[in-house]
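Okay, run.cif is below, mmCIF, C-alpha atoms:
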```
data_model
loop_
_atom_site.label_atom_id
_atom_site.label_comp_id
_atom_site.auth_asym_id
_atom_site.auth_seq_id
_atom_site.Cartn_x
_atom_site.Cartn_y
_atom_site.Cartn_z
CA MET A 122 -3.76 -44.25 31.06
CA ARG A 123 -0.90 -43.52 28.65
CA GLN A 124 -1.80 -42.17 25.25
CA SER A 125 -0.06 -40.67 22.26
CA ILE A 126 -1.01 -39.27 18.87
CA ILE A 127 -0.27 -41.16 15.66
CA VAL A 128 -0.40 -39.82 12.11
CA ARG A 129 -0.60 -41.80 8.87
CA ILE A 130 -0.18 -40.05 5.49
CA ASP A 131 -1.40 -42.24 2.64
CA SER A 132 1.10 -40.99 0.04
CA GLU A 133 2.82 -43.19 -2.59
CA GLU A 134 4.93 -44.64 0.21
CA PRO A 135 2.83 -44.14 3.37
CA ALA A 136 4.43 -41.95 6.03
CA ARG A 137 3.79 -43.04 9.63
CA PHE A 138 4.70 -41.05 12.75
CA TRP A 139 3.85 -41.10 16.40
CA GLN A 140 4.34 -38.46 19.06
CA GLY A 141 7.11 -40.15 20.98
CA VAL A 142 10.68 -41.41 20.91
CA GLY A 143 11.70 -44.58 19.08
CA ASP A 144 9.63 -46.78 16.83
CA ILE A 145 6.42 -48.63 17.71
CA LEU A 146 4.54 -51.43 15.98
CA ILE A 147 0.89 -50.61 15.26
CA PRO A 148 -1.40 -53.61 14.59
CA ALA A 149 -3.46 -53.93 11.40
CA ASP A 150 -6.98 -52.48 11.42
CA ASP A 151 -9.38 -50.74 9.04
CA VAL A 152 -6.97 -47.82 8.34
CA GLU A 153 -3.67 -49.72 8.48
CA PRO A 154 -4.04 -52.83 6.25
CA LEU A 155 -0.96 -54.60 7.70
CA GLU A 156 0.88 -54.10 10.95
CA ALA A 157 3.35 -51.27 10.47
CA ILE A 158 6.18 -49.49 12.23
CA TYR A 159 5.50 -45.87 13.15
CA LEU A 160 8.58 -43.66 13.48
CA GLY A 161 9.06 -41.64 16.62
CA ALA A 162 8.74 -37.99 15.65
CA GLY A 163 9.66 -36.70 19.09
CA GLU A 164 7.33 -33.86 19.92
CA LEU A 165 4.85 -32.77 17.32
CA ILE A 166 4.95 -29.08 18.20
CA SER A 167 1.52 -28.30 16.81
CA VAL A 168 -1.27 -30.85 16.87
CA PRO A 169 -4.26 -28.55 16.99
CA ASP A 170 -7.71 -29.40 18.29
CA PHE A 171 -9.99 -30.49 15.51
CA GLN A 172 -13.66 -31.22 15.23
CA GLN A 173 -15.89 -33.19 12.92
CA LEU A 174 -18.88 -31.12 11.94
CA ILE A 175 -22.03 -32.20 10.17
CA ASN A 176 -23.40 -29.47 7.91
CA GLY A 177 -20.78 -27.10 9.33
CA THR A 178 -17.92 -25.16 7.86
CA ALA A 179 -14.98 -26.94 6.28
CA GLU A 180 -12.00 -27.19 8.60
CA ARG A 181 -8.33 -26.47 7.86
CA ILE A 182 -5.55 -27.18 10.35
CA GLU A 183 -1.76 -27.37 10.38
CA PHE A 184 0.58 -29.96 11.87
CA THR A 185 4.08 -28.73 12.70
CA LEU A 186 7.13 -30.85 13.42
CA SER A 187 10.05 -28.82 14.75
CA GLY A 188 13.70 -29.62 15.38
CA VAL A 189 14.19 -31.88 12.36
CA SER A 190 17.51 -32.56 10.64
CA ALA A 191 18.65 -31.14 7.31
CA GLU A 192 18.26 -34.63 5.80
CA THR A 193 14.62 -34.76 6.92
CA ILE A 194 14.00 -31.32 5.38
CA ALA A 195 15.50 -32.50 2.07
CA MET A 196 13.33 -35.62 2.15
CA ALA A 197 10.20 -33.52 2.89
CA VAL A 198 10.92 -31.22 -0.06
CA GLU A 199 11.43 -34.24 -2.32
CA GLU A 200 8.17 -35.90 -1.21
CA ALA A 201 6.01 -32.73 -1.12
CA THR A 202 4.32 -33.42 -4.47
CA SER A 203 3.28 -36.97 -3.53
CA VAL A 204 1.75 -35.72 -0.28
CA ARG A 205 -0.63 -33.24 -1.93
CA GLY A 206 -4.13 -34.73 -2.04
CA ALA A 207 -3.20 -37.75 0.08
CA SER A 208 -5.40 -38.87 2.96
CA LEU A 209 -4.11 -38.14 6.45
CA HIS A 210 -5.44 -40.15 9.39
CA VAL A 211 -5.01 -38.97 12.97
CA GLY A 212 -5.37 -41.47 15.78
CA ILE A 213 -4.82 -42.02 19.47
CA VAL A 214 -2.77 -45.00 20.58
CA THR A 215 -3.29 -46.23 24.15
CA PHE A 216 -0.49 -47.99 26.05
CA ASN A 217 -0.50 -50.14 29.17
CA GLU A 218 1.86 -49.60 32.15
CA ALA A 219 4.68 -51.40 30.26
CA TRP A 220 4.25 -49.11 27.21
CA GLN A 221 2.75 -51.91 25.10
CA VAL A 222 0.09 -50.92 22.53
CA VAL A 223 -3.37 -51.75 23.86
CA GLU A 224 -5.67 -49.96 21.42
CA VAL A 225 -5.64 -47.65 18.41
CA ALA A 226 -8.59 -45.31 17.86
CA TRP A 227 -8.61 -43.33 14.61
CA GLU A 228 -10.13 -39.94 15.34
CA ALA A 229 -10.17 -38.04 12.03
CA GLU A 230 -9.35 -38.15 8.35
CA PHE A 231 -8.15 -35.13 6.40
CA ARG A 232 -6.79 -34.34 2.94
CA CYS A 233 -3.22 -33.03 2.66
CA ASP A 234 -2.80 -29.71 0.89
CA THR A 235 0.63 -28.14 1.26
CA LEU A 236 3.89 -29.15 2.88
CA THR A 237 6.23 -26.27 3.77
CA VAL A 238 9.63 -26.20 5.39
CA SER A 239 11.28 -23.42 7.34
CA SER A 240 14.62 -22.81 8.98
CA GLN A 241 15.33 -20.15 11.57
CA GLY A 242 18.51 -19.25 13.37
CA SER A 243 18.45 -19.05 17.16
CA GLN A 244 20.96 -18.55 19.98
CA THR A 245 21.37 -22.33 20.33
CA GLY A 246 21.69 -23.02 16.59
CA ARG A 247 19.41 -23.55 13.64
CA VAL A 248 15.85 -24.82 14.14
CA ARG A 249 14.22 -26.50 11.15
CA SER A 250 10.46 -27.13 10.94
CA ILE A 251 8.07 -28.93 8.62
CA THR A 252 4.43 -27.78 8.46
CA LEU A 253 1.69 -29.78 6.79
CA SER A 254 -1.56 -27.97 6.03
CA VAL A 255 -4.56 -30.28 5.85
CA GLY A 256 -8.27 -29.82 5.46
CA SER A 257 -11.52 -31.68 5.31
CA ASP A 258 -12.77 -32.76 1.89
CA ASP A 259 -14.83 -29.60 1.57
CA THR A 260 -11.95 -27.12 2.00
CA GLY A 261 -10.79 -27.51 -1.60
CA ARG A 262 -14.21 -26.93 -3.10
CA SER A 263 -15.54 -23.58 -4.16
CA ARG A 264 -18.82 -22.38 -5.54
CA ALA A 265 -19.01 -21.63 -9.22
CA PRO A 266 -19.10 -17.93 -10.07
CA ILE A 267 -22.47 -16.43 -10.82
CA ALA A 268 -23.33 -16.97 -14.46
CA PHE A 269 -25.46 -14.69 -16.58
CA PHE A 270 -27.21 -16.36 -19.48
CA THR A 271 -27.19 -13.42 -21.86
CA ASP A 272 -26.42 -13.26 -25.53
CA ALA A 273 -23.48 -10.89 -24.91
CA ASN A 274 -21.85 -13.23 -22.37
CA GLN A 275 -22.27 -16.22 -24.69
CA LYS A 276 -20.83 -14.28 -27.66
CA ARG A 277 -17.70 -13.58 -25.58
CA ARG A 278 -17.27 -17.32 -25.07
CA SER A 279 -18.23 -18.36 -28.61
CA ALA A 280 -18.81 -15.66 -31.23
CA THR A 281 -20.94 -17.85 -33.51
CA ASP A 282 -23.20 -19.39 -30.86
CA ASN A 283 -26.77 -18.02 -30.97
CA ILE A 284 -28.31 -20.18 -28.24
CA PHE A 285 -29.06 -17.18 -25.98
CA SER A 286 -30.17 -14.78 -28.70
CA HIS A 287 -33.79 -14.75 -27.42
CA VAL A 288 -32.97 -14.27 -23.73
CA ALA A 289 -33.53 -10.50 -23.90
CA GLY A 290 -37.17 -11.09 -24.85
CA MET A 291 -37.86 -13.18 -21.75
CA VAL A 292 -39.34 -11.35 -18.80
CA ALA A 293 -41.14 -12.43 -15.65
CA GLY A 294 -44.80 -13.17 -16.24
CA LYS A 295 -44.38 -13.78 -19.95
CA SER A 296 -43.95 -17.21 -21.50
CA ARG A 297 -42.40 -18.03 -24.80
CA ARG A 298 -43.07 -21.12 -26.80
CA PHE A 299 -39.83 -22.80 -27.73
CA GLY A 300 -39.16 -24.13 -31.19
CA PRO A 301 -39.38 -22.49 -34.57
CA LYS A 302 -41.62 -19.40 -34.85
#
```
Please express what this file holds, its structure, as structure tokens.
Amino acid sequence: MRQSIIVRIDSEEPARFWQGVGDILIPADDVEPLEAIYLGAGELISVPDFQQLINGTAERIEFTLSGVSAETIAMAVEEATSVRGASLHVGIVTFNEAWQVVEVAWEAEFRCDTLTVSSQGSQTGRVRSITLSVGSDDTGRSRAPIAFFTDANQKRRSATDNIFSHVAGMVAGKSRRFGPK
């Protein structure tokens, strides 16, 4: 069985890549509303293993595409802002013996965070890379800091607010009737 990885970034103008050479036509389904051409990205250098957890920790992974042209780097820098927050779908496309698309199975959905570019010199020339950091929906969330409902803390926020002026008189085991005294 022949398989390859496909990636769809739902930015302003959706970006579509597959881990191969040349372009392929992917049929419409629940992720791709109309049939679409996916550009051959050659070898995606880093397509890490990912997992879908229920009640687990939020996951963050990086996709790296290496050996890209200077024009592609310029285009990535230009589009970096539209990619942030966009949905990214990762799928597996299955081919028959004649390399015709048989099936597309979408494996995971992530949220794009940052797109970075790098360029390093080597003995054979310059190697340019694009790295896209993505995470599950929970990676961007954080817990609110611990709040203390004291008069002093409230006065720092609003000097004339007296809503917490009676907090100091509240202790465990004692009840206070609210309203005017």
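CA of Arg278 (chain A) is found 23.4 Å from CA of Phe299 (chain A).
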When the PyMOL selection byres ((chain A and resi 247-250) around 7) is applied to the file above, which residues end up in the set, as a list in words?
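Evaluating the PyMOL selection byres ((chain A and resi 247-250) around 7) on this file yields Thr185, Leu186, Ser187, Gly188, Val189, Ser190, Val238, Ser239, Ser240, Gln241, Gly242, Ser243, Gly246, Ile251 and Thr252 of chain A.
Comparing A:Ala289, A:Gly294, A:Ala226, A:Thr237 by their smallest distance to Pro148 (chain A), the closest is A:Ala226 (using only C-alpha atoms).
Applied to this file, the PyMOL selection byres ((chain A and resi 209-224) around 8) selects Met122, Arg123, Gln124, Ser125, Ile126, Ile127, Val128, Arg129, Ile130, Asp131, Leu146, Ile147, Val152, Ala207, Ser208, Val225, Ala226, Trp227, Glu228, Ala229, Glu230, Phe231, Arg232, Cys233 and Val255 of chain A.
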Since I can't run it myself right now, could you work out what the PyMOL selection byres ((chain A and resi 159) around 9) selects here and report it as a ChimeraX atom specification?
/A:127-129,136-139,143-147,157-158,160-162
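Here CA of Ser286 (chain A) is placed at a distance of 8.6 Å from CA of Ala273 (chain A).
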Enter the distance from CA of Ser254 (chain A) to CA of Glu199 (chain A), in Å, rounded to one decimal.
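Distance between the two atoms: 16.7 Å.
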